[in-house]
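> One structure, pasted below without further comment.
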Protein chains: 2
Amino acid sequence: MNSRNVTKLPGIESPLKPAVSDTDRLVDELRRRIVNNQMPPGSRIRENELAEEFSVSRSRVRDAFGILEERGLIERIPNKGAVVMRLEADSFLELFDVREVLEGLMVRLATQNAEPEYWDGLIELFGDDLEKAVAENDFNAYMAAIAEFRQSCIDAAGSGTLRGLLDDIYDRVLSMTRRLMLVPGRASEGFRQHQEILQAMRSGDAELAEDLKRKNIRSARQWFLKYNDFLL
Amino acid sequence: MNSRNVTKLPGIESPLKPAVSDTDRLVDELRRRIVNNQMPPGSRIRENELAEEFSVSRSRVRDAFGILEERGLIERIPNKGAVVMRLEADSFLELFDVREVLEGLMVRLATQNAEPEYWDGLIELFGDDLEKAVAENDFNAYMAAIAEFRQSCIDAAGSGTLRGLLDDIYDRVLSMTRRLMLVPGRASEGFRQHQEILQAMRSGDAELAEDLKRKNIRSARQWFLKYNDFLL
DNA sequence: GCAAAATATATTGTTGACAATATTATCGGC
DNA sequence: GCCGATAATATTGTCAACAATATATTTTGC
């Protein structure tokens, strides 16, 4: 696959929820805009505007804001309004710490619960084609692969509790993850790390997979620390 | 201290937040009732009743419900109402898994960040008096000590992100933690484990402290598995 | 007396109007 | 022209009435 073929910015798709009510739809759409940086951190968001745009009452928008606030995606200042949460370097480091242990757990549980063949598809996905794509800086292809890896692991881990926590964190760090990919060398390192993790998972070594996944997050943290002046 | 002296059920106090708005106050009070089992799992909670009891409009109650739902403390079924979340054995096992890694992280960070003397107060608290109290089944004293240990660790860890996750989880498992204490032998084992953890923290061995804390949660999980017929 | 339909009641869902607060624009004095 | 006070506007916060839905009760037919 040639990187020239990737034209459309894919962003991130809305996840699993059916999104049945007006409020749910609003939450989903706003979440999407925030994590795709269509509403960058610090953006003021007005209740009236959104109510008009989506043809719903302001109450629904307020409900949605309440949920987004609880998830840490927006900040509400009384009588002033809501702004997209702006994360400082400290917060990112905290999130790396939490991700390290939670994604480690995710990989361990997934390895324990899934049959070895479960991982064959992912191993193929993280093959030569993707390696070339990464080498050619096709970050969309890599991001999509990472997302699939992540989703497969969460599914295999089979813990709704863990899924909820990881989803929350994911939303908060996605834009940073994308930016981190631009740092020369990070993407290919991450690619190799995921290959190793998958090998461990395929061989059923849950402890090793967990350890490798934790090292993966720790190294991402190192890159962030080194380049945070350019990333924030 | 004689267990005969402990008369009043202390329950749990409202935590750190100032709770300034009506909605915040409602969330806090409902949270308190839920974790203290004044509203046991499965209880139906009606918006009108609460609105009247607290002399607020139903909108405030609905806002509070939205927050509690997001935190996983209540469940809302459209057009039917809200009930206190009922946790199954599977959910508790999931929560133990997550607690294991997150509380391990908490202890590790706390050890790294705090001066050794920081732990002297807790070491004293977990001394002979408390040991005797535990032996005499003074669970309130033990619960209070555990809560203080927990709070000191979170403070020392200094991660708002981690604090948020742990607070959410804490609310969901508190009633189970209390019941688990009734299982013969669990409380004294937990007491000894906390003594060991504190020793490791005092000596500055973050890795050991993390490992011990994880073992602590794993053993709690074992007791739960063994006695879950009596606990649920 | 029983079952199913129809009615009545209770409860949650939604909305638009109004109040409180913050932001911006206007005006007057120097 | 600049600064402070005051008025105008915009935005969020709150509420109470109304609609939609589910539950409980009564009625009706057999």
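Residues in the structure tokens are numbered from 1 in each chain, the chains being A, B, ... in the order shown, and ligands are numbered from 1 in the order shown.
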Taking only C-alpha atoms (C1' of nucleotides) into account, find every residue of chain C that has an atom no more than 12 Å from chain A, and write it out as JSON, numbers by chain.

{"C": [13, 14, 15, 16, 20, 21, 22, 23]}

> Taking only C-alpha atoms into account and nothing else, which residues of chain A lie no more than 9 Å away from chain B? Please answer as a list in words.

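That gives the following set of residues: Asp63, Gly66, Ile67, Glu70, Arg71, Asp90, Ser91, Glu94, Leu95, Asp97, Val98, Val101, Leu102, Gly104, Leu105, Ser159, Gly160, Thr161, Leu162 and Leu165 of chain A.
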
> Identify every residue of chain D that has at least one atom within 12 Å of any atom of chain B, counting only C-alpha atoms (C1' of nucleotides), and report the result as an NGL selection string.

:D and (13-16 or 20-23)

> Using only C-alpha atoms, can you tell me which of A:Ile77, A:Met85, A:Ala110, A:Leu50 comes closest to Met201 of chain A?

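The closest residue to Met201 of chain A is A:Ala110.
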
> DA5 of chain C: which residues within 10 Å, counting only C-alpha atoms (C1' of nucleotides), same-chain residues fewer than 4 positions away excluded, as a ChimeraX atom specification?

/D:27-29

> With C-alpha atoms (C1' of nucleotides) kept, could you save the residues just selected as a compact mmCIF listing (two decimals), in the first residue's frame?


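Result went into part26.txt, see below:
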```
# COMPACT_ATOMS: atom_id res chain seq x y z
C1' DT D 27 -64.23 -2.48 34.43
C1' DT D 28 -66.23 -5.57 31.16
C1' DG D 29 -67.31 -9.84 28.74
```

> Would you kindly return, as a VMD selection string, each protein, DNA or RNA residue with an atom no farther than 12 Å from any atom of DG29 of chain C, considering only C-alpha atoms (C1' of nucleotides) and excluding same-chain residues fewer than 4 positions away?

chain D and resid 2 to 5
